[in-house]
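Here is upload_34.csv, consisting of CSV, C-alpha atoms:
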chain,number,residue,atom,x,y,z
A,1,MET,CA,27.6,268.6,77.8
A,2,SER,CA,27.9,265.5,80.0
A,3,LYS,CA,25.4,262.7,79.7
A,4,ALA,CA,23.6,261.7,83.0
A,5,VAL,CA,24.5,258.2,84.1
A,6,SER,CA,21.6,256.0,85.3
A,7,PRO,CA,22.0,254.5,88.8
A,8,ALA,CA,23.0,250.9,89.2
A,9,GLY,CA,20.9,250.7,92.4
A,10,TRP,CA,19.4,252.5,95.3
A,11,LEU,CA,19.8,253.1,99.0
A,12,VAL,CA,16.3,252.4,100.4
A,13,ARG,CA,14.9,253.2,103.9
A,14,VAL,CA,12.3,250.6,105.1
A,15,ALA,CA,9.9,251.3,108.0
A,16,SER,CA,7.9,248.7,110.0
A,17,PHE,CA,4.8,249.9,111.9
A,18,ASP,CA,3.0,248.8,115.0
A,19,ALA,CA,-0.7,248.3,115.6
A,20,GLU,CA,-1.2,252.1,115.9
A,21,ASP,CA,0.6,252.8,112.6
A,22,THR,CA,3.6,254.3,114.4
A,23,PRO,CA,6.9,253.5,112.8
A,24,THR,CA,8.8,251.2,115.1
A,25,ILE,CA,11.8,250.1,113.2
A,26,GLN,CA,13.7,251.8,110.4
A,27,ARG,CA,16.4,249.9,108.4
A,28,HIS,CA,18.4,250.8,105.3
A,29,PHE,CA,19.3,248.6,102.4
A,30,TYR,CA,21.6,248.7,99.4
A,31,VAL,CA,19.5,247.4,96.5
A,32,ALA,CA,21.1,246.4,93.2
A,33,GLU,CA,18.1,247.3,91.0
A,34,ARG,CA,18.2,250.2,88.5
A,35,ASP,CA,14.4,250.9,88.6
A,36,LYS,CA,13.6,253.0,91.7
A,37,ALA,CA,10.1,251.5,92.3
A,38,ARG,CA,11.4,247.9,91.9
A,39,ALA,CA,14.3,248.6,94.3
A,40,VAL,CA,11.8,249.7,97.0
A,41,GLU,CA,9.7,246.6,96.3
A,42,LEU,CA,12.7,244.3,96.7
A,43,ALA,CA,13.7,246.0,100.0
A,44,THR,CA,10.3,245.9,101.7
A,45,ASP,CA,8.4,243.0,103.2
A,46,LEU,CA,4.7,242.7,103.7
A,47,GLY,CA,3.4,245.5,106.0
A,48,GLU,CA,6.5,247.7,105.5
A,49,THR,CA,6.9,250.9,103.6
A,50,GLY,CA,10.0,252.0,101.7
A,51,GLU,CA,11.5,255.1,100.2
A,52,ALA,CA,14.4,255.3,97.8
A,53,LEU,CA,16.9,257.8,99.4
A,54,LYS,CA,19.7,258.0,96.9
A,55,PRO,CA,21.0,256.4,93.7
A,56,LEU,CA,24.0,254.1,94.0
A,57,THR,CA,26.8,253.5,91.4
A,58,GLN,CA,28.1,250.1,90.4
A,59,SER,CA,31.2,250.8,92.5
A,60,ASP,CA,29.0,251.4,95.6
A,61,LEU,CA,27.3,248.1,95.1
A,62,GLU,CA,30.5,246.2,94.4
A,63,GLU,CA,32.1,247.7,97.5
A,64,HIS,CA,29.3,246.2,99.6
A,65,CYS,CA,29.2,242.9,97.7
A,66,VAL,CA,25.6,243.4,96.4
A,67,GLY,CA,24.9,241.6,93.1
A,68,PRO,CA,22.1,242.1,90.5
A,69,GLY,CA,18.7,241.8,92.1
A,70,GLN,CA,20.1,241.5,95.6
A,71,LYS,CA,19.7,243.6,98.7
A,72,LYS,CA,22.0,244.0,101.7
A,73,GLU,CA,21.2,245.7,105.0
A,74,TYR,CA,23.2,248.9,105.6
A,75,GLU,CA,24.7,248.7,109.0
A,76,LEU,CA,26.0,251.8,110.8
A,77,LEU,CA,28.9,251.2,113.0
A,78,HIS,CA,28.6,252.4,116.6
A,79,PRO,CA,31.1,255.2,117.1
A,80,SER,CA,33.1,253.1,119.6
A,81,HIS,CA,33.7,250.5,116.7
A,82,ALA,CA,34.8,253.1,114.1

The structure given in the file should be rewritten as structure tokens.
Amino acid sequence: MSKAVSPAGWLVRVASFDAEDTPTIQRHFYVAERDKARAVELATDLGETGEALKPLTQSDLEEHCVGPGQKKEYELLHPSHA
């Protein structure tokens, strides 16, 4: 029986809202924080909401140069740049 490995961090989606509470901007962050709730807290700013989408391994975080307690915005490359 294999033992479950706890995540080293989380991929977090953050949404900003306009005056009518309509989501206007969504961004994604790699967050190097094991605790899910704390990762969401680190990723969001005042007036934003966040949702932890998936756990990340230490390798995932190292690949994107994210150290303990840090966040880094996840950037999708436009298909013409891939």

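Take the candidates A:Ala43, A:Leu53, A:Ala32, A:Leu61 and check each one against Ser16 (chain A) using all atoms listed in the file; the shortest distance goes to A:Ala43.
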
(message) Report as a ChimeraX atom specification all protein, DNA and RNA residues lying within 9 Å of Asp35 (chain A), evaluated on only C-alpha atoms, omitting residues in the same chain fewer than 3 positions from it.
(response) /A:7-10,38-40

(message) Would you pick out the contacts of Asp21 (chain A) at 12 Å or less, using only C-alpha atoms, so that residues sharing its chain but fewer than 5 positions from it are not included, and give the list as number ranges by chain?
(response) A: 15-16, 47-49

(request) Find the residues near region 64-77 of chain A: any atom within 6 Å, counting only C-alpha atoms, skip ones fewer than 3 places away on the same chain, and give them as a ChimeraX atom specification. (result) /A:28-33,61

(message) Quick check, in Å to one decimal: how far apart do CA of Gln26 (chain A) and CA of Lys54 (chain A) lie?
(response) 16.0 Å

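Between CA of Glu20 (chain A) and CA of Ala37 (chain A) there is a distance of 26.2 Å.
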
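Distance-wise, CA of Asp18 (chain A) and CA of Pro55 (chain A) end up 28.9 Å apart.
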